[in-house]
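As provided, start37.cif (mmCIF, N, CA and C atoms) reads as follows.
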data_structure
#
loop_
_atom_site.label_atom_id
_atom_site.label_comp_id
_atom_site.auth_asym_id
_atom_site.auth_seq_id
_atom_site.Cartn_x
_atom_site.Cartn_y
_atom_site.Cartn_z
N MET S 160 -14.12 24.49 -23.25
CA MET S 160 -12.84 24.89 -22.70
C MET S 160 -12.74 26.41 -22.74
N GLU S 161 -12.24 27.00 -21.68
CA GLU S 161 -12.10 28.45 -21.63
C GLU S 161 -10.67 28.80 -21.29
N GLU S 162 -10.22 29.93 -21.80
CA GLU S 162 -8.87 30.41 -21.54
C GLU S 162 -8.97 31.65 -20.65
N ALA S 163 -8.13 31.71 -19.64
CA ALA S 163 -8.13 32.86 -18.73
C ALA S 163 -7.26 33.97 -19.29
N ILE S 164 -7.80 35.18 -19.36
CA ILE S 164 -7.03 36.37 -19.74
C ILE S 164 -7.27 37.36 -18.61
N GLY S 165 -6.26 37.50 -17.76
CA GLY S 165 -6.44 38.35 -16.59
C GLY S 165 -7.50 37.74 -15.70
N GLU S 166 -8.52 38.50 -15.38
CA GLU S 166 -9.62 38.02 -14.55
C GLU S 166 -10.80 37.54 -15.39
N THR S 167 -10.74 37.75 -16.71
CA THR S 167 -11.87 37.42 -17.57
C THR S 167 -11.66 36.07 -18.22
N LEU S 168 -12.70 35.25 -18.26
CA LEU S 168 -12.65 33.98 -18.96
C LEU S 168 -13.18 34.17 -20.37
N MET S 169 -12.39 33.78 -21.35
CA MET S 169 -12.77 33.92 -22.75
C MET S 169 -13.05 32.56 -23.33
N PRO S 170 -14.16 32.38 -24.07
CA PRO S 170 -14.43 31.09 -24.69
C PRO S 170 -13.41 30.78 -25.77
N SER S 171 -13.06 29.51 -25.88
CA SER S 171 -12.09 29.10 -26.89
C SER S 171 -12.79 28.96 -28.24
N GLU S 172 -12.02 28.65 -29.30
CA GLU S 172 -12.55 28.52 -30.65
C GLU S 172 -13.50 27.33 -30.79
N THR S 173 -13.48 26.41 -29.84
CA THR S 173 -14.40 25.27 -29.91
C THR S 173 -15.69 25.57 -29.16
N GLY S 174 -15.89 26.81 -28.77
CA GLY S 174 -17.04 27.21 -27.99
C GLY S 174 -18.34 27.24 -28.78
N LEU S 175 -19.30 27.91 -28.22
CA LEU S 175 -20.67 27.93 -28.75
C LEU S 175 -20.76 28.40 -30.20
N PHE S 176 -20.10 29.47 -30.55
CA PHE S 176 -20.20 30.00 -31.91
C PHE S 176 -18.90 29.88 -32.70
N ALA S 177 -17.86 29.33 -32.09
CA ALA S 177 -16.58 29.05 -32.75
C ALA S 177 -16.06 30.20 -33.62
N GLY S 178 -16.05 31.41 -33.07
CA GLY S 178 -15.48 32.55 -33.77
C GLY S 178 -16.41 33.27 -34.72
N SER S 179 -17.63 32.79 -34.88
CA SER S 179 -18.52 33.44 -35.85
C SER S 179 -18.93 34.84 -35.40
N ILE S 180 -19.04 35.06 -34.09
CA ILE S 180 -19.37 36.39 -33.60
C ILE S 180 -18.25 37.36 -33.96
N ASP S 181 -17.00 36.93 -33.77
CA ASP S 181 -15.86 37.79 -34.12
C ASP S 181 -15.86 38.10 -35.61
N LEU S 182 -16.13 37.10 -36.43
CA LEU S 182 -16.14 37.29 -37.87
C LEU S 182 -17.26 38.26 -38.28
N LEU S 183 -18.43 38.10 -37.69
CA LEU S 183 -19.55 39.00 -38.01
C LEU S 183 -19.29 40.41 -37.50
N GLN S 184 -18.69 40.53 -36.32
CA GLN S 184 -18.34 41.86 -35.80
C GLN S 184 -17.34 42.54 -36.73
N ARG S 185 -16.34 41.80 -37.16
CA ARG S 185 -15.34 42.36 -38.08
C ARG S 185 -16.01 42.76 -39.40
N SER S 186 -16.94 41.93 -39.87
CA SER S 186 -17.65 42.24 -41.10
C SER S 186 -18.42 43.55 -40.97
N LEU S 187 -19.11 43.74 -39.84
CA LEU S 187 -19.85 44.98 -39.62
C LEU S 187 -18.90 46.18 -39.58
N ASN S 188 -17.77 46.03 -38.90
CA ASN S 188 -16.80 47.13 -38.83
C ASN S 188 -16.24 47.46 -40.21
N LEU S 189 -15.93 46.42 -40.99
CA LEU S 189 -15.38 46.64 -42.33
C LEU S 189 -16.42 47.28 -43.25
N ARG S 190 -17.65 46.84 -43.16
CA ARG S 190 -18.71 47.42 -43.99
C ARG S 190 -18.94 48.89 -43.64
N ALA S 191 -18.87 49.21 -42.34
CA ALA S 191 -19.02 50.61 -41.92
C ALA S 191 -17.86 51.45 -42.46
N ARG S 192 -16.65 50.89 -42.40
CA ARG S 192 -15.48 51.60 -42.93
C ARG S 192 -15.60 51.78 -44.44
N GLN S 193 -16.06 50.73 -45.14
CA GLN S 193 -16.24 50.81 -46.60
C GLN S 193 -17.25 51.91 -46.94
N HIS S 194 -18.30 52.01 -46.15
CA HIS S 194 -19.31 53.05 -46.39
C HIS S 194 -18.67 54.44 -46.28
N ARG S 195 -17.85 54.65 -45.24
CA ARG S 195 -17.20 55.95 -45.07
C ARG S 195 -16.24 56.25 -46.22
N VAL S 196 -15.50 55.24 -46.67
CA VAL S 196 -14.53 55.45 -47.75
C VAL S 196 -15.24 55.77 -49.06
N VAL S 197 -16.28 55.01 -49.40
CA VAL S 197 -17.01 55.25 -50.66
C VAL S 197 -17.75 56.58 -50.58
N SER S 198 -18.27 56.93 -49.40
CA SER S 198 -18.93 58.23 -49.23
C SER S 198 -17.94 59.37 -49.45
N ALA S 199 -16.71 59.19 -48.99
CA ALA S 199 -15.67 60.20 -49.22
C ALA S 199 -15.36 60.30 -50.71
N ASN S 200 -15.38 59.17 -51.41
CA ASN S 200 -15.17 59.21 -52.86
C ASN S 200 -16.27 60.03 -53.53
N VAL S 201 -17.51 59.78 -53.15
CA VAL S 201 -18.65 60.52 -53.73
C VAL S 201 -18.53 62.01 -53.42
N ALA S 202 -18.15 62.32 -52.19
CA ALA S 202 -18.02 63.72 -51.80
C ALA S 202 -16.92 64.43 -52.59
N ASN S 203 -15.93 63.67 -53.05
CA ASN S 203 -14.81 64.26 -53.80
C ASN S 203 -14.92 64.02 -55.30
N ALA S 204 -16.09 63.73 -55.77
CA ALA S 204 -16.29 63.42 -57.19
C ALA S 204 -15.88 64.58 -58.10
N ASP S 205 -15.94 65.79 -57.61
CA ASP S 205 -15.59 66.96 -58.42
C ASP S 205 -14.24 67.57 -58.05
N THR S 206 -13.48 66.89 -57.20
CA THR S 206 -12.18 67.40 -56.78
C THR S 206 -11.11 66.99 -57.79
N PRO S 207 -10.48 67.94 -58.46
CA PRO S 207 -9.46 67.59 -59.45
C PRO S 207 -8.30 66.80 -58.81
N GLY S 208 -7.90 65.73 -59.47
CA GLY S 208 -6.78 64.93 -59.02
C GLY S 208 -7.08 63.94 -57.91
N TYR S 209 -8.34 63.90 -57.42
CA TYR S 209 -8.68 62.97 -56.34
C TYR S 209 -8.67 61.54 -56.86
N LYS S 210 -8.05 60.66 -56.10
CA LYS S 210 -8.00 59.24 -56.46
C LYS S 210 -8.96 58.47 -55.56
N ALA S 211 -9.87 57.72 -56.16
CA ALA S 211 -10.86 56.96 -55.41
C ALA S 211 -10.20 55.77 -54.70
N PHE S 212 -10.72 55.44 -53.53
CA PHE S 212 -10.24 54.30 -52.74
C PHE S 212 -11.39 53.38 -52.42
N GLU S 213 -11.04 52.16 -52.01
CA GLU S 213 -12.03 51.22 -51.50
C GLU S 213 -11.36 50.35 -50.46
N VAL S 214 -12.16 49.77 -49.57
CA VAL S 214 -11.66 48.84 -48.56
C VAL S 214 -11.69 47.45 -49.18
N ALA S 215 -10.61 46.71 -49.04
CA ALA S 215 -10.55 45.34 -49.55
C ALA S 215 -11.22 44.43 -48.53
N VAL S 216 -12.56 44.45 -48.49
CA VAL S 216 -13.32 43.76 -47.46
C VAL S 216 -13.04 42.25 -47.46
N ALA S 217 -13.08 41.62 -48.61
CA ALA S 217 -12.87 40.17 -48.68
C ALA S 217 -11.48 39.80 -48.16
N GLU S 218 -10.47 40.58 -48.54
CA GLU S 218 -9.10 40.31 -48.07
C GLU S 218 -9.00 40.49 -46.56
N GLU S 219 -9.65 41.52 -46.04
CA GLU S 219 -9.60 41.78 -44.61
C GLU S 219 -10.30 40.66 -43.83
N LEU S 220 -11.41 40.15 -44.35
CA LEU S 220 -12.10 39.06 -43.67
C LEU S 220 -11.28 37.77 -43.71
N ARG S 221 -10.52 37.56 -44.79
CA ARG S 221 -9.64 36.39 -44.87
C ARG S 221 -8.54 36.44 -43.82
N LYS S 222 -8.13 37.63 -43.43
CA LYS S 222 -7.07 37.79 -42.44
C LYS S 222 -7.48 37.24 -41.07
N ILE S 223 -8.78 37.20 -40.81
CA ILE S 223 -9.27 36.74 -39.52
C ILE S 223 -9.06 35.24 -39.34
N ARG S 224 -9.12 34.50 -40.41
CA ARG S 224 -8.95 33.04 -40.36
C ARG S 224 -7.46 32.72 -40.32
N PRO S 225 -6.99 31.99 -39.28
CA PRO S 225 -5.58 31.64 -39.24
C PRO S 225 -5.24 30.67 -40.37
N GLN S 226 -4.08 30.87 -40.98
CA GLN S 226 -3.66 30.00 -42.06
C GLN S 226 -2.91 28.81 -41.49
N ALA S 227 -3.07 27.64 -42.11
CA ALA S 227 -2.43 26.42 -41.65
C ALA S 227 -0.91 26.59 -41.67
N GLY S 228 -0.25 26.13 -40.62
CA GLY S 228 1.20 26.18 -40.56
C GLY S 228 1.77 27.54 -40.18
N ARG S 229 0.91 28.50 -39.90
CA ARG S 229 1.37 29.84 -39.56
C ARG S 229 1.11 30.10 -38.08
N VAL S 230 2.10 30.55 -37.38
CA VAL S 230 1.97 30.84 -35.96
C VAL S 230 1.19 32.13 -35.78
N GLN S 231 0.17 32.08 -34.93
CA GLN S 231 -0.65 33.25 -34.66
C GLN S 231 -0.31 33.80 -33.28
N PRO S 232 -0.02 35.10 -33.17
CA PRO S 232 0.25 35.67 -31.85
C PRO S 232 -1.02 35.66 -31.00
N ALA S 233 -0.85 35.49 -29.70
CA ALA S 233 -2.00 35.45 -28.81
C ALA S 233 -1.74 36.34 -27.60
N ARG S 234 -2.77 37.06 -27.17
CA ARG S 234 -2.67 37.87 -25.95
C ARG S 234 -2.97 36.96 -24.78
N THR S 235 -2.00 36.78 -23.91
CA THR S 235 -2.18 35.90 -22.76
C THR S 235 -2.46 36.67 -21.48
N HIS S 236 -2.40 37.98 -21.57
CA HIS S 236 -2.67 38.84 -20.41
C HIS S 236 -3.33 40.12 -20.91
N SER S 237 -4.27 40.63 -20.15
CA SER S 237 -5.03 41.80 -20.58
C SER S 237 -4.15 43.05 -20.71
N ALA S 238 -2.97 43.08 -20.06
CA ALA S 238 -2.09 44.24 -20.13
C ALA S 238 -1.18 44.19 -21.36
N HIS S 239 -1.16 43.07 -22.06
CA HIS S 239 -0.32 42.96 -23.26
C HIS S 239 -0.89 43.79 -24.39
N LEU S 240 0.01 44.31 -25.21
CA LEU S 240 -0.42 45.06 -26.38
C LEU S 240 -0.83 44.09 -27.48
N PRO S 241 -1.80 44.45 -28.32
CA PRO S 241 -2.17 43.57 -29.42
C PRO S 241 -1.03 43.46 -30.43
N ALA S 242 -1.03 42.39 -31.20
CA ALA S 242 0.00 42.18 -32.22
C ALA S 242 -0.04 43.32 -33.22
N ALA S 243 1.12 43.69 -33.77
CA ALA S 243 1.20 44.78 -34.73
C ALA S 243 0.31 44.51 -35.93
N GLY S 244 -0.42 45.53 -36.34
CA GLY S 244 -1.28 45.40 -37.51
C GLY S 244 -2.54 44.62 -37.29
N SER S 245 -2.87 44.33 -36.02
CA SER S 245 -4.04 43.50 -35.78
C SER S 245 -5.18 44.27 -35.12
N GLY S 246 -5.08 45.59 -35.07
CA GLY S 246 -6.12 46.38 -34.46
C GLY S 246 -7.42 46.29 -35.25
N PRO S 247 -8.55 46.45 -34.57
CA PRO S 247 -9.84 46.31 -35.24
C PRO S 247 -10.10 47.37 -36.30
N ASP S 248 -9.45 48.52 -36.20
CA ASP S 248 -9.68 49.58 -37.17
C ASP S 248 -8.60 49.64 -38.25
N ARG S 249 -7.70 48.70 -38.24
CA ARG S 249 -6.60 48.70 -39.22
C ARG S 249 -7.05 47.94 -40.46
N VAL S 250 -7.19 48.64 -41.57
CA VAL S 250 -7.62 48.02 -42.81
C VAL S 250 -6.73 48.46 -43.96
N THR S 251 -6.77 47.69 -45.03
CA THR S 251 -6.01 48.01 -46.22
C THR S 251 -6.92 48.74 -47.20
N LEU S 252 -6.51 49.93 -47.61
CA LEU S 252 -7.24 50.67 -48.62
C LEU S 252 -6.56 50.42 -49.96
N LYS S 253 -7.38 50.21 -50.98
CA LYS S 253 -6.85 50.00 -52.32
C LYS S 253 -7.33 51.14 -53.20
N LYS S 254 -6.44 51.59 -54.09
CA LYS S 254 -6.86 52.60 -55.06
C LYS S 254 -7.77 51.93 -56.08
N VAL S 255 -8.83 52.61 -56.44
CA VAL S 255 -9.75 52.10 -57.45
C VAL S 255 -9.16 52.37 -58.82
N ALA S 256 -9.13 51.34 -59.65
CA ALA S 256 -8.61 51.51 -61.01
C ALA S 256 -9.57 52.39 -61.80
N PRO S 257 -9.04 53.33 -62.57
CA PRO S 257 -9.93 54.19 -63.35
C PRO S 257 -10.65 53.38 -64.44
N ALA S 258 -11.81 53.86 -64.82
CA ALA S 258 -12.59 53.19 -65.86
C ALA S 258 -11.80 53.16 -67.17
N ALA S 259 -12.07 52.14 -67.99
CA ALA S 259 -11.35 51.97 -69.25
C ALA S 259 -11.54 53.18 -70.17
N LEU S 260 -12.74 53.71 -70.22
CA LEU S 260 -13.03 54.87 -71.06
C LEU S 260 -13.24 56.10 -70.18
N ASP S 261 -12.18 56.49 -69.49
CA ASP S 261 -12.25 57.65 -68.60
C ASP S 261 -12.09 58.92 -69.42
N LEU S 262 -13.15 59.72 -69.44
CA LEU S 262 -13.13 60.94 -70.24
C LEU S 262 -12.77 62.18 -69.43
N ARG S 263 -12.39 61.97 -68.17
CA ARG S 263 -12.06 63.11 -67.31
C ARG S 263 -10.62 63.55 -67.53
N ALA S 264 -10.43 64.82 -67.71
CA ALA S 264 -9.09 65.36 -67.94
C ALA S 264 -8.45 65.86 -66.64
N ASP S 265 -9.24 65.89 -65.54
CA ASP S 265 -8.71 66.47 -64.30
C ASP S 265 -7.99 65.45 -63.41
N GLY S 266 -7.90 64.18 -63.82
CA GLY S 266 -7.19 63.17 -63.05
C GLY S 266 -7.99 62.54 -61.94
N ASN S 267 -9.24 62.93 -61.78
CA ASN S 267 -10.11 62.34 -60.76
C ASN S 267 -10.56 60.96 -61.23
N THR S 268 -10.46 59.95 -60.33
CA THR S 268 -10.83 58.58 -60.71
C THR S 268 -12.16 58.12 -60.14
N VAL S 269 -12.95 59.03 -59.61
CA VAL S 269 -14.25 58.66 -59.04
C VAL S 269 -15.26 58.46 -60.15
N ASP S 270 -15.86 57.28 -60.20
CA ASP S 270 -16.97 56.99 -61.10
C ASP S 270 -18.22 57.03 -60.23
N LEU S 271 -19.00 58.08 -60.35
CA LEU S 271 -20.14 58.30 -59.48
C LEU S 271 -21.16 57.17 -59.54
N ASP S 272 -21.45 56.67 -60.73
CA ASP S 272 -22.41 55.56 -60.86
C ASP S 272 -21.90 54.31 -60.16
N ARG S 273 -20.65 54.00 -60.37
CA ARG S 273 -20.05 52.82 -59.72
C ARG S 273 -20.05 52.98 -58.21
N SER S 274 -19.70 54.17 -57.73
CA SER S 274 -19.65 54.42 -56.29
C SER S 274 -21.03 54.28 -55.65
N MET S 275 -22.05 54.79 -56.31
CA MET S 275 -23.40 54.67 -55.77
C MET S 275 -23.85 53.21 -55.73
N GLY S 276 -23.47 52.44 -56.74
CA GLY S 276 -23.76 51.01 -56.73
C GLY S 276 -23.04 50.29 -55.60
N GLU S 277 -21.78 50.69 -55.35
CA GLU S 277 -21.02 50.11 -54.25
C GLU S 277 -21.67 50.43 -52.91
N LEU S 278 -22.17 51.66 -52.76
CA LEU S 278 -22.86 52.03 -51.52
C LEU S 278 -24.09 51.16 -51.29
N ALA S 279 -24.86 50.93 -52.35
CA ALA S 279 -26.06 50.10 -52.23
C ALA S 279 -25.69 48.66 -51.88
N GLU S 280 -24.70 48.10 -52.58
CA GLU S 280 -24.27 46.72 -52.30
C GLU S 280 -23.73 46.60 -50.88
N ASN S 281 -22.94 47.57 -50.47
CA ASN S 281 -22.36 47.55 -49.13
C ASN S 281 -23.45 47.62 -48.06
N ALA S 282 -24.48 48.42 -48.30
CA ALA S 282 -25.59 48.53 -47.34
C ALA S 282 -26.30 47.18 -47.19
N ILE S 283 -26.48 46.47 -48.30
CA ILE S 283 -27.12 45.15 -48.26
C ILE S 283 -26.24 44.17 -47.47
N GLN S 284 -24.94 44.19 -47.73
CA GLN S 284 -24.01 43.30 -47.02
C GLN S 284 -23.98 43.63 -45.52
N TYR S 285 -24.02 44.90 -45.18
CA TYR S 285 -24.02 45.32 -43.77
C TYR S 285 -25.29 44.80 -43.08
N LYS S 286 -26.42 44.99 -43.75
CA LYS S 286 -27.69 44.55 -43.16
C LYS S 286 -27.71 43.04 -42.98
N ALA S 287 -27.16 42.29 -43.94
CA ALA S 287 -27.11 40.83 -43.83
C ALA S 287 -26.25 40.41 -42.63
N SER S 288 -25.09 41.05 -42.47
CA SER S 288 -24.22 40.73 -41.33
C SER S 288 -24.92 41.06 -40.01
N ALA S 289 -25.62 42.19 -39.97
CA ALA S 289 -26.35 42.58 -38.76
C ALA S 289 -27.46 41.59 -38.44
N GLN S 290 -28.14 41.09 -39.46
CA GLN S 290 -29.19 40.10 -39.24
C GLN S 290 -28.61 38.78 -38.76
N PHE S 291 -27.46 38.37 -39.30
CA PHE S 291 -26.81 37.13 -38.86
C PHE S 291 -26.40 37.22 -37.39
N ILE S 292 -25.78 38.33 -37.02
CA ILE S 292 -25.32 38.46 -35.63
C ILE S 292 -26.51 38.58 -34.69
N SER S 293 -27.57 39.23 -35.14
CA SER S 293 -28.79 39.31 -34.33
C SER S 293 -29.38 37.92 -34.11
N GLY S 294 -29.37 37.10 -35.15
CA GLY S 294 -29.86 35.73 -35.02
C GLY S 294 -29.04 34.91 -34.05
N LYS S 295 -27.72 35.12 -34.05
CA LYS S 295 -26.84 34.41 -33.11
C LYS S 295 -27.20 34.78 -31.67
N PHE S 296 -27.41 36.07 -31.42
CA PHE S 296 -27.74 36.49 -30.07
C PHE S 296 -29.16 36.06 -29.66
N LYS S 297 -30.07 36.02 -30.62
CA LYS S 297 -31.42 35.53 -30.31
C LYS S 297 -31.39 34.06 -29.93
N SER S 298 -30.57 33.27 -30.64
CA SER S 298 -30.49 31.85 -30.30
C SER S 298 -29.81 31.66 -28.95
N LEU S 299 -28.84 32.50 -28.62
CA LEU S 299 -28.20 32.44 -27.32
C LEU S 299 -29.20 32.80 -26.22
N LYS S 300 -29.98 33.85 -26.45
CA LYS S 300 -31.01 34.26 -25.49
C LYS S 300 -32.04 33.15 -25.31
N ASN S 301 -32.41 32.52 -26.41
CA ASN S 301 -33.37 31.42 -26.37
C ASN S 301 -32.81 30.26 -25.54
N ALA S 302 -31.53 29.96 -25.70
CA ALA S 302 -30.91 28.88 -24.93
C ALA S 302 -30.85 29.23 -23.44
N ILE S 303 -30.57 30.49 -23.13
CA ILE S 303 -30.51 30.93 -21.74
C ILE S 303 -31.89 30.82 -21.09
N ASN S 304 -32.93 31.18 -21.85
CA ASN S 304 -34.30 31.14 -21.33
C ASN S 304 -34.90 29.73 -21.36
N GLY S 305 -34.14 28.77 -21.83
CA GLY S 305 -34.64 27.40 -21.88
C GLY S 305 -35.70 27.19 -22.93
N GLY S 306 -35.67 27.97 -24.00
CA GLY S 306 -36.63 27.83 -25.08
C GLY S 306 -37.94 28.53 -24.83
N LYS S 307 -38.04 29.26 -23.73
CA LYS S 307 -39.27 29.98 -23.41
C LYS S 307 -39.15 31.43 -23.86
N PRO S 308 -40.22 32.00 -24.44
CA PRO S 308 -40.16 33.40 -24.89
C PRO S 308 -40.03 34.40 -23.77
#
Show this structure as structure tokens.
Amino acid sequence: MEEAIGETLMPSETGLFAGSIDLLQRSLNLRARQHRVVSANVANADTPGYKAFEVAVAEELRKIRPQAGRVQPARTHSAHLPAAGSGPDRVTLKKVAPAALDLRADGNTVDLDRSMGELAENAIQYKASAQFISGKFKSLKNAINGGKP
């Protein structure tokens, strides 16, 4: 089943990948944003009073799944504006809690070791999402080609 939006036909949620492409795309965007935020934390590690931030990636990904019993706004025409707060670049930043034994007197909450670990973990998560979405497109290409290379 397909839904018409303007002149473009969009696959419904019961389609070939049932929203997994959207979820993986959002994951890639969130991971890229997380990388920029953590990189900014590292860059400001010596700035007095700087408060470290992080992207709440898991919370943002949960927002993509509609909750039972909750009405979800839908764009029925390409000229309609997206629902408030639903833009692809709109994310929630959370302040990072300072370490329990914070010995810094300047008020900076950046833990350089923790931030570098977050960058490494985020890079792994980004690569995994990229590999998943690549696999989805390879299987689609394979289906289009009828299983022939």
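Atom N of S:His194 sits 20.1 Å away from atom CA of S:Ile180.
Interatomic distance, atom C of S:Lys253 against atom CA of S:Val196: 10.0 Å.
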Translate the PyMOL selection byres ((chain S and resi 266-271) around 5) into a concrete residue list for this structure, as a list in words. Pro207, Gly208, Tyr209, Lys210, Ala211, Arg263, Ala264, Asp265, Asp272, Arg273, Ser274 and Met275 of chain S
I'd like the neighbourhood of S:Leu189 as a ChimeraX atom specification, where a residue qualifies if any of its atoms comes within 8 Å (using only C-alpha atoms), though same-chain residues fewer than 2 positions away should be ignored. /S:185-187,191-193,214,216,219,250
Hey, what's within 8 Å of S:Arg190 if we count only N, CA and C atoms and toss same-chain stuff fewer than 6 positions away? As a PDB file with N, CA and C atoms, keeping the file's coordinate frame, please?
ATOM      1  N   GLN S 184     -18.690  40.530 -36.320  1.00  0.00           N
ATOM      2  CA  GLN S 184     -18.340  41.860 -35.800  1.00  0.00           C
ATOM      3  C   GLN S 184     -17.340  42.540 -36.730  1.00  0.00           C
ATOM      4  N   VAL S 196     -15.500  55.240 -46.670  1.00  0.00           N
ATOM      5  CA  VAL S 196     -14.530  55.450 -47.750  1.00  0.00           C
ATOM      6  C   VAL S 196     -15.240  55.770 -49.060  1.00  0.00           C
ATOM      7  N   VAL S 216     -12.560  44.450 -48.490  1.00  0.00           N
ATOM      8  CA  VAL S 216     -13.320  43.760 -47.460  1.00  0.00           C
ATOM      9  C   VAL S 216     -13.040  42.250 -47.460  1.00  0.00           C
ATOM     10  N   ASN S 281     -22.940  47.570 -50.470  1.00  0.00           N
ATOM     11  CA  ASN S 281     -22.360  47.550 -49.130  1.00  0.00           C
ATOM     12  C   ASN S 281     -23.450  47.620 -48.060  1.00  0.00           C
ATOM     13  N   ALA S 282     -24.480  48.420 -48.300  1.00  0.00           N
ATOM     14  CA  ALA S 282     -25.590  48.530 -47.340  1.00  0.00           C
ATOM     15  C   ALA S 282     -26.300  47.180 -47.190  1.00  0.00           C
ATOM     16  N   GLN S 284     -24.940  44.190 -47.730  1.00  0.00           N
ATOM     17  CA  GLN S 284     -24.010  43.300 -47.020  1.00  0.00           C
ATOM     18  C   GLN S 284     -23.980  43.630 -45.520  1.00  0.00           C
ATOM     19  N   TYR S 285     -24.020  44.900 -45.180  1.00  0.00           N
ATOM     20  CA  TYR S 285     -24.020  45.320 -43.770  1.00  0.00           C
ATOM     21  C   TYR S 285     -25.290  44.800 -43.080  1.00  0.00           C
TER      22      TYR S 285
END
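Put simply, atom CA of S:Lys297 is 27.3 Å away from atom CA of S:Lys222.
Using only C-alpha atoms for every distance, the candidate list S:Pro257, S:Gly294, S:Gly276, S:Gly305 yields S:Gly276 as the residue closest to S:Ser198.
Considering all atoms listed in the file, the residue among S:Ser293, S:Thr235, S:Ser288, S:Thr251 positioned nearest to S:Glu213 is S:Thr251.
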